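Trainee: Pasting final_39.csv below, which is CSV, C-alpha atoms.
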chain,number,residue,atom,x,y,z
Z,1,MET,CA,-25.6,21.2,23.3
Z,2,THR,CA,-26.2,20.8,19.6
Z,3,LEU,CA,-22.5,20.0,19.2
Z,4,ARG,CA,-22.7,17.3,21.9
Z,5,LEU,CA,-25.7,15.8,20.2
Z,6,ILE,CA,-23.9,15.7,16.9
Z,7,ILE,CA,-20.9,14.1,18.5
Z,8,ALA,CA,-23.0,11.5,20.2
Z,9,LEU,CA,-24.9,10.7,17.1
Z,10,THR,CA,-21.7,10.4,15.1
Z,11,LEU,CA,-20.1,8.1,17.6
Z,12,GLY,CA,-23.3,6.1,17.8
Z,13,SER,CA,-23.5,5.6,14.1
Z,14,VAL,CA,-19.8,4.7,13.9
Z,15,ALA,CA,-20.2,2.0,16.5
Z,16,PHE,CA,-23.3,0.8,14.7
Z,17,GLY,CA,-21.5,0.6,11.4
Z,18,ALA,CA,-18.5,-1.1,13.0
Z,19,HIS,CA,-20.8,-3.9,14.1
Z,20,ALA,CA,-21.9,-4.7,10.6
Z,21,ASN,CA,-18.5,-4.2,8.8
Z,22,GLY,CA,-15.8,-4.3,11.4
Z,23,SER,CA,-13.5,-1.4,12.1
Z,24,ILE,CA,-9.9,-1.6,10.8
Z,25,ASP,CA,-8.7,0.8,13.5
Z,26,ALA,CA,-10.4,-1.1,16.3
Z,27,GLY,CA,-9.1,-4.4,14.9
Z,28,LYS,CA,-5.5,-3.1,14.9
Z,29,GLN,CA,-5.9,-2.1,18.5
Z,30,LYS,CA,-7.2,-5.6,19.4
Z,31,SER,CA,-4.6,-7.5,17.3
Z,32,GLN,CA,-1.7,-7.5,19.8
Z,33,THR,CA,-2.2,-11.1,20.7
Z,34,CYS,CA,-2.6,-12.3,17.1
Z,35,GLN,CA,0.7,-10.5,16.2
Z,36,ALA,CA,2.8,-12.9,18.2
Z,37,CYS,CA,2.2,-15.6,15.6
Z,38,HIS,CA,0.7,-13.9,12.6
Z,39,GLY,CA,2.9,-10.8,12.5
Z,40,ALA,CA,2.0,-7.1,13.0
Z,41,ASP,CA,0.4,-6.9,9.6
Z,42,GLY,CA,-0.7,-10.5,9.2
Z,43,ASN,CA,2.2,-11.5,7.1
Z,44,GLY,CA,3.6,-13.9,9.7
Z,45,ILE,CA,6.8,-14.1,11.6
Z,46,GLY,CA,8.5,-16.7,9.5
Z,47,ILE,CA,6.8,-19.7,11.1
Z,48,THR,CA,5.2,-21.3,8.1
Z,49,MET,CA,2.7,-23.6,9.9
Z,50,TYR,CA,0.7,-20.4,10.7
Z,51,PRO,CA,-1.4,-18.9,7.9
Z,52,ILE,CA,-0.8,-15.5,6.3
Z,53,LEU,CA,-3.8,-13.3,7.2
Z,54,ALA,CA,-2.9,-10.1,5.3
Z,55,GLY,CA,-5.2,-9.6,2.4
Z,56,GLN,CA,-7.4,-12.5,3.1
Z,57,HIS,CA,-11.2,-12.1,2.7
Z,58,ALA,CA,-12.7,-10.5,5.8
Z,59,ASP,CA,-15.8,-12.8,5.7
Z,60,TYR,CA,-13.6,-15.9,5.5
Z,61,LEU,CA,-11.5,-14.7,8.5
Z,62,ARG,CA,-14.8,-14.1,10.4
Z,63,LYS,CA,-15.9,-17.6,9.5
Z,64,ALA,CA,-12.6,-19.1,10.7
Z,65,LEU,CA,-12.6,-17.2,14.0
Z,66,GLY,CA,-16.3,-18.1,14.5
Z,67,ASP,CA,-15.6,-21.8,13.9
Z,68,TYR,CA,-12.6,-21.8,16.3
Z,69,LYS,CA,-14.8,-20.1,18.9
Z,70,SER,CA,-17.7,-22.6,18.4
Z,71,GLY,CA,-15.4,-25.6,18.2
Z,72,ALA,CA,-16.5,-26.4,14.7
Z,73,ARG,CA,-12.9,-26.0,13.7
Z,74,VAL,CA,-10.6,-27.7,16.2
Z,75,ASN,CA,-7.3,-26.0,17.1
Z,76,PRO,CA,-6.1,-25.8,20.7
Z,77,ILE,CA,-4.2,-22.6,20.2
Z,78,MET,CA,-6.9,-20.7,18.3
Z,79,ALA,CA,-9.7,-22.0,20.5
Z,80,GLY,CA,-8.2,-20.3,23.5
Z,81,PHE,CA,-8.0,-16.9,21.7
Z,82,ALA,CA,-11.1,-17.0,19.7
Z,83,GLY,CA,-13.2,-18.1,22.6
Z,84,ALA,CA,-12.5,-14.8,24.3
Z,85,LEU,CA,-13.6,-12.7,21.4
Z,86,SER,CA,-16.9,-11.0,20.9
Z,87,GLU,CA,-18.7,-10.9,17.6
Z,88,GLN,CA,-17.5,-7.3,17.4
Z,89,ASP,CA,-13.9,-8.2,18.1
Z,90,ILE,CA,-14.1,-10.8,15.4
Z,91,ALA,CA,-15.5,-8.4,12.9
Z,92,ASP,CA,-12.8,-5.8,13.8
Z,93,LEU,CA,-9.9,-8.2,13.6
Z,94,ALA,CA,-11.1,-9.5,10.3
Z,95,ALA,CA,-11.4,-6.0,8.9
Z,96,TYR,CA,-7.9,-5.1,10.1
Z,97,PHE,CA,-6.1,-8.2,8.7
Z,98,SER,CA,-8.0,-8.2,5.4
Z,99,SER,CA,-7.0,-4.6,4.8
Z,100,GLN,CA,-3.3,-5.3,5.0
Z,101,GLN,CA,-1.1,-6.0,2.0
Z,102,GLY,CA,0.3,-9.5,1.4
Z,103,PRO,CA,1.0,-12.2,-1.2
Z,104,LEU,CA,-2.4,-13.9,-1.1
Z,105,VAL,CA,-4.2,-13.9,-4.4
Z,106,GLU,CA,-6.8,-16.0,-6.3
Z,107,LEU,CA,-5.3,-19.2,-7.6
Z,108,ASN,CA,-4.3,-19.4,-11.3
Z,109,ALA,CA,-3.1,-22.8,-12.5
Z,110,ASP,CA,-2.7,-21.7,-16.1
Z,111,PRO,CA,1.0,-21.2,-16.9
Z,112,ALA,CA,0.2,-19.0,-19.9
Z,113,LYS,CA,-1.4,-16.3,-17.8
K,1,MET,CA,-1.1,-55.6,19.4
K,2,LYS,CA,2.1,-54.7,17.5
K,3,ARG,CA,-0.1,-53.4,14.7
K,4,LEU,CA,-2.1,-51.4,17.1
K,5,ASN,CA,1.0,-49.8,18.5
K,6,ALA,CA,2.2,-49.0,15.1
K,7,LEU,CA,-1.2,-47.4,14.3
K,8,ALA,CA,-1.1,-45.4,17.5
K,9,LEU,CA,2.4,-44.2,16.7
K,10,ALA,CA,1.3,-43.3,13.2
K,11,SER,CA,-1.6,-41.3,14.4
K,12,LEU,CA,0.5,-39.6,17.0
K,13,ALA,CA,2.9,-38.6,14.2
K,14,LEU,CA,0.0,-37.3,12.2
K,15,VAL,CA,-1.3,-35.3,15.1
K,16,THR,CA,2.1,-33.7,15.6
K,17,LEU,CA,2.5,-33.1,11.9
K,18,PRO,CA,1.2,-29.6,11.9
K,19,PHE,CA,3.7,-28.7,14.6
K,20,ALA,CA,6.6,-30.3,12.9
K,21,ALA,CA,9.1,-27.7,11.7
K,22,ALA,CA,9.3,-29.0,8.1
K,23,HIS,CA,7.7,-31.8,6.1
K,24,ALA,CA,8.9,-33.1,2.8
K,25,GLN,CA,8.6,-30.3,0.2
K,26,GLY,CA,6.3,-31.0,-2.7
K,27,ASP,CA,7.0,-30.4,-6.4
K,28,PRO,CA,5.2,-27.2,-7.6
K,29,ALA,CA,5.4,-28.3,-11.3
K,30,LEU,CA,3.6,-31.6,-10.5
K,31,GLY,CA,1.2,-29.8,-8.2
K,32,ARG,CA,0.2,-27.4,-11.0
K,33,GLN,CA,-1.0,-30.3,-13.0
K,34,LEU,CA,-3.4,-31.3,-10.2
K,35,ALA,CA,-4.6,-27.8,-9.4
K,36,TYR,CA,-7.2,-27.3,-12.2
K,37,THR,CA,-10.1,-28.4,-10.0
K,38,CYS,CA,-9.0,-26.0,-7.2
K,39,THR,CA,-9.3,-23.0,-9.5
K,40,GLY,CA,-13.0,-23.8,-10.0
K,41,CYS,CA,-13.6,-22.1,-6.6
K,42,HIS,CA,-10.2,-20.6,-5.5
K,43,GLY,CA,-9.4,-19.1,-8.9
K,44,ILE,CA,-12.5,-16.9,-9.3
K,45,ALA,CA,-12.3,-13.5,-7.8
K,46,GLY,CA,-15.3,-12.9,-5.5
K,47,TYR,CA,-16.5,-16.6,-5.6
K,48,LYS,CA,-18.6,-17.4,-2.6
K,49,ASN,CA,-19.3,-20.5,-0.6
K,50,ALA,CA,-23.0,-21.1,-0.2
K,51,TYR,CA,-24.8,-21.9,3.1
K,52,PRO,CA,-23.2,-20.2,4.9
K,53,GLN,CA,-22.2,-17.6,2.4
K,54,TYR,CA,-18.6,-16.3,2.6
K,55,HIS,CA,-15.8,-15.7,0.1
K,56,VAL,CA,-13.7,-18.9,-0.4
K,57,PRO,CA,-10.3,-18.1,0.9
K,58,ARG,CA,-7.5,-16.7,-1.2
K,59,ILE,CA,-4.9,-19.5,-1.1
K,60,ALA,CA,-2.3,-18.7,-3.7
K,61,GLY,CA,0.8,-17.4,-1.8
K,62,GLN,CA,-0.2,-19.0,1.5
K,63,ASN,CA,2.4,-20.8,3.5
K,64,TYR,CA,3.3,-24.4,2.3
K,65,ASP,CA,3.2,-25.9,5.8
K,66,TYR,CA,-0.2,-24.4,6.6
K,67,LEU,CA,-1.7,-25.4,3.3
K,68,LEU,CA,-0.5,-29.0,3.7
K,69,ALA,CA,-1.8,-29.2,7.2
K,70,ALA,CA,-5.2,-27.9,6.1
K,71,LEU,CA,-5.4,-30.4,3.2
K,72,ILE,CA,-4.4,-33.3,5.5
K,73,ALA,CA,-7.0,-32.2,8.1
K,74,TYR,CA,-9.7,-32.2,5.4
K,75,GLN,CA,-8.5,-35.6,4.1
K,76,LYS,CA,-8.8,-37.0,7.6
K,77,GLY,CA,-12.1,-35.3,8.3
K,78,GLU,CA,-10.6,-33.3,11.2
K,79,ARG,CA,-11.6,-30.1,9.4
K,80,THR,CA,-15.0,-30.3,7.9
K,81,HIS,CA,-16.2,-28.9,4.6
K,82,PRO,CA,-18.1,-31.2,2.2
K,83,THR,CA,-16.3,-30.1,-1.0
K,84,MET,CA,-12.9,-29.8,0.5
K,85,GLN,CA,-13.1,-33.2,2.3
K,86,ALA,CA,-14.1,-34.9,-1.0
K,87,GLN,CA,-11.4,-33.1,-2.9
K,88,ALA,CA,-8.6,-33.9,-0.4
K,89,ALA,CA,-9.7,-37.5,-0.1
K,90,SER,CA,-9.2,-38.0,-3.8
K,91,PHE,CA,-5.4,-37.3,-3.5
K,92,SER,CA,-2.5,-39.1,-2.1
K,93,GLU,CA,-0.3,-37.5,0.5
K,94,THR,CA,2.4,-36.9,-2.2
K,95,ASP,CA,-0.3,-35.2,-4.4
K,96,LEU,CA,-1.2,-33.0,-1.4
K,97,GLN,CA,2.4,-32.0,-0.9
K,98,ASN,CA,2.8,-31.2,-4.6
K,99,LEU,CA,-0.5,-29.2,-4.6
K,100,ALA,CA,0.6,-27.2,-1.5
K,101,ALA,CA,4.0,-26.5,-3.1
K,102,PHE,CA,2.3,-25.2,-6.2
K,103,ILE,CA,-0.3,-23.1,-4.4
K,104,ALA,CA,2.3,-21.6,-2.1
K,105,SER,CA,4.4,-20.6,-5.1
K,106,ALA,CA,1.5,-19.0,-6.9
K,107,GLY,CA,1.2,-15.8,-4.9
K,108,LYS,CA,1.7,-12.3,-6.1
K,109,VAL,CA,5.2,-10.9,-5.7
K,110,THR,CA,5.3,-8.4,-2.8
K,111,PRO,CA,7.8,-5.6,-2.6
Would you put the structure from the file into C-alpha cells?
Mentor:
Amino acid sequence: MTLRLIIALTLGSVAFGAHANGSIDAGKQKSQTCQACHGADGNGIGITMYPILAGQHADYLRKALGDYKSGARVNPIMAGFAGALSEQDIADLAAYFSSQQGPLVELNADPAK
Amino acid sequence: MKRLNALALASLALVTLPFAAAHAQGDPALGRQLAYTCTGCHGIAGYKNAYPQYHVPRIAGQNYDYLLAALIAYQKGERTHPTMQAQAASFSETDLQNLAAFIASAGKVTP
C-alpha cells in the first residue's frame, strides 16, 4: 500500500515536472513523424531546406512549434503537424531535439577566434 | 498587364523558392564581413529575446537553404520578428546569400 502510494506520487511528480520542462524520453517517443524530414536525432536527412534541430535551444523550438500551431509562423507542412500537438507534446519534442548533438553553435564572425 | 504577369511569375518563383532544390550559393568570405551585427544577438551564449522571452536560436552550422529561406521570409515580411525584419530588409538578396553561406559554414565540426 505504501509502495503503491510512493509509485503513484513519483509518477505524478514526474508528469508534473515534464509539463514544465519537457521529457526527453517522451519527446523521443513522439518524434517519429518529425524524423521523416528532420532525421532521427534532428540532424536532418540531407535535405537542406529543412532546419537542423539537434542542439537547438529548447525554448526556441517551443516558440517555433507554438507559432506554427497558432499560425503566427506560416508553413503548410509544419502547420499540419504542429496543430495536432498539445503543449505537453511540444515541450517533450523540444526537450528531445535540443538534447541531441549537432553542429549548431553560437555565431562567431571574428576570424581570429 | 504584361508587367502584372511578370510580377505574378516573380512572386510565384519566390513562393516556390523554399522548395527549390538549390539556389545560388553565397560567398562565405563576403558574408563574414556582413555578419558582425548578427553576432550581437546570435553570438552571445544564453542571449534571450524579450517579450516573449526565449533564447535566440543557434544559427551557426544551420543549413544554407533553410537560413536563406528564413532571411528572405523576414525580408518579405512573411515571417515576423521586428528586429529580424529590419535586419533582413537592409540587405540585398546577394548579401543574404553571402550571409547564409557564412553562417552555415560557421558551425562546430561534428565527428
Trainee: My list of candidates is K:Gly31, K:Gly46, K:Pro57, K:Gly26. Which is closest to Ile52 (chain Z) when distances are computed with only C-alpha atoms?
Mentor: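 Using only C-alpha atoms, Ile52 (chain Z) sits closest to K:Pro57.
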Trainee: May I have the residues within 6 Å of region 25-36 of chain Z as an NGL selection string, using only C-alpha atoms and disregarding those fewer than 4 positions away in the same chain?
Mentor: :Z and (40 or 92-93 or 96)
Trainee: With all atoms listed in the file as the basis for distance, which of K:Pro52, K:Leu30, K:Ala35, K:Leu99 is at the shortest distance from Ala69 (chain K)?
Mentor: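 Checking each of K:Pro52, K:Leu30, K:Ala35, K:Leu99 against Ala69 (chain K), counting all atoms listed in the file, the winner is K:Leu99.
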Trainee: Write out as CSV the residues of chain K that have any atom within 6 Å of an atom of chain Z, one row each with the nearest atom pair and its distance in Å to one decimal, counting only C-alpha atoms, sorted by chain and then rising number.
Mentor:
residue,atom,partner,partner_atom,distance
K:Arg32,CA,Z:Ala109,CA,5.9
K:Thr39,CA,Z:Leu107,CA,5.8
K:His42,CA,Z:Leu107,CA,5.5
K:Gly43,CA,Z:Leu107,CA,4.3
K:Tyr54,CA,Z:Asp59,CA,5.4
K:His55,CA,Z:Tyr60,CA,5.8
K:Arg58,CA,Z:Glu106,CA,5.2
K:Ala60,CA,Z:Leu107,CA,4.9
K:Gly61,CA,Z:Leu104,CA,4.8
K:Gln62,CA,Z:Ile52,CA,6.0
K:Asn63,CA,Z:Thr48,CA,5.4
K:Asp65,CA,Z:Met49,CA,4.7
K:Tyr66,CA,Z:Met49,CA,4.5
K:Gly107,CA,Z:Pro103,CA,5.2
K:Lys108,CA,Z:Pro103,CA,5.0
K:Thr110,CA,Z:Pro103,CA,6.0
Trainee: Looking at all atoms listed in the file, which of K:Val109, K:Val56, K:Ile44, K:Ala24 is the one that sits closest to Thr83 (chain K)?
Mentor: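 Among the listed residues, K:Val56 lies closest to Thr83 (chain K).
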Trainee: Might you pull out every residue within 8 Å of region 95-97 of chain K, with all atoms listed in the file counted and same-chain residues fewer than 5 positions away left off, and present them as a list of chain:residue names?
Mentor: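 My reading of the contact set: K:Ala24, K:Gln25, K:Gly26, K:Asp27, K:Gly31, K:Leu34, K:Leu68, K:Leu71, K:Ile72, K:Ala88.
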Trainee: If you keep C-alpha atoms, can you produce a file of those selected residues as a compact mmCIF listing (two decimals), in the coordinates of the input?
Mentor:
# COMPACT_ATOMS: atom_id res chain seq x y z
CA ALA K 24 8.90 -33.10 2.80
CA GLN K 25 8.60 -30.30 0.20
CA GLY K 26 6.30 -31.00 -2.70
CA ASP K 27 7.00 -30.40 -6.40
CA GLY K 31 1.20 -29.80 -8.20
CA LEU K 34 -3.40 -31.30 -10.20
CA LEU K 68 -0.50 -29.00 3.70
CA LEU K 71 -5.40 -30.40 3.20
CA ILE K 72 -4.40 -33.30 5.50
CA ALA K 88 -8.60 -33.90 -0.40
Trainee: Name all residues at most 8 Å from region 77-89 of chain Z (count all atoms listed in the file; drop same-chain ones fewer than 5 positions away) and give them as an NGL selection string.
Mentor: :Z and (18-19 or 22 or 27 or 30 or 65-66 or 68-71)
Trainee: What is the CA of Pro82 (chain K) to CA of Ala50 (chain K) distance in Å?
Mentor: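 Interatomic distance here is 11.5 Å.
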Trainee: Measuring between all atoms listed in the file, which one of Z:Phe97, Z:Asn21, Z:Ala64, Z:Ile90 shows the shortest distance to Gly42 (chain Z)?
Mentor: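 The closest residue to Gly42 (chain Z) is Z:Phe97.
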Trainee: Check the smallest atom-to-atom distance from each of K:Tyr74, K:Tyr64, K:Tyr36, K:Tyr47 to Ile103 (chain K) using only C-alpha atoms, then report the winner.
Mentor: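 Once distances to Ile103 (chain K) are computed over only C-alpha atoms, the minimum belongs to K:Tyr64.
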Trainee: For Phe91 (chain K), which residue among K:Ala29, K:Ala106, K:Thr37, K:Ala45 is the nearest when counting only C-alpha atoms?
Mentor: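 Checking each candidate against Phe91 (chain K), we get K:Thr37 as the closest.
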Trainee: What's the separation between CA of Ala94 (chain Z) and CA of Gly39 (chain Z), in Å to one decimal place?
Mentor: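 Here the two named atoms are 14.2 Å from each other.
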Trainee: Report, in Å with one decimal, the straight-line distance from CA of Ala70 (chain K) to CA of Gln85 (chain K).
Mentor: 10.2 Å
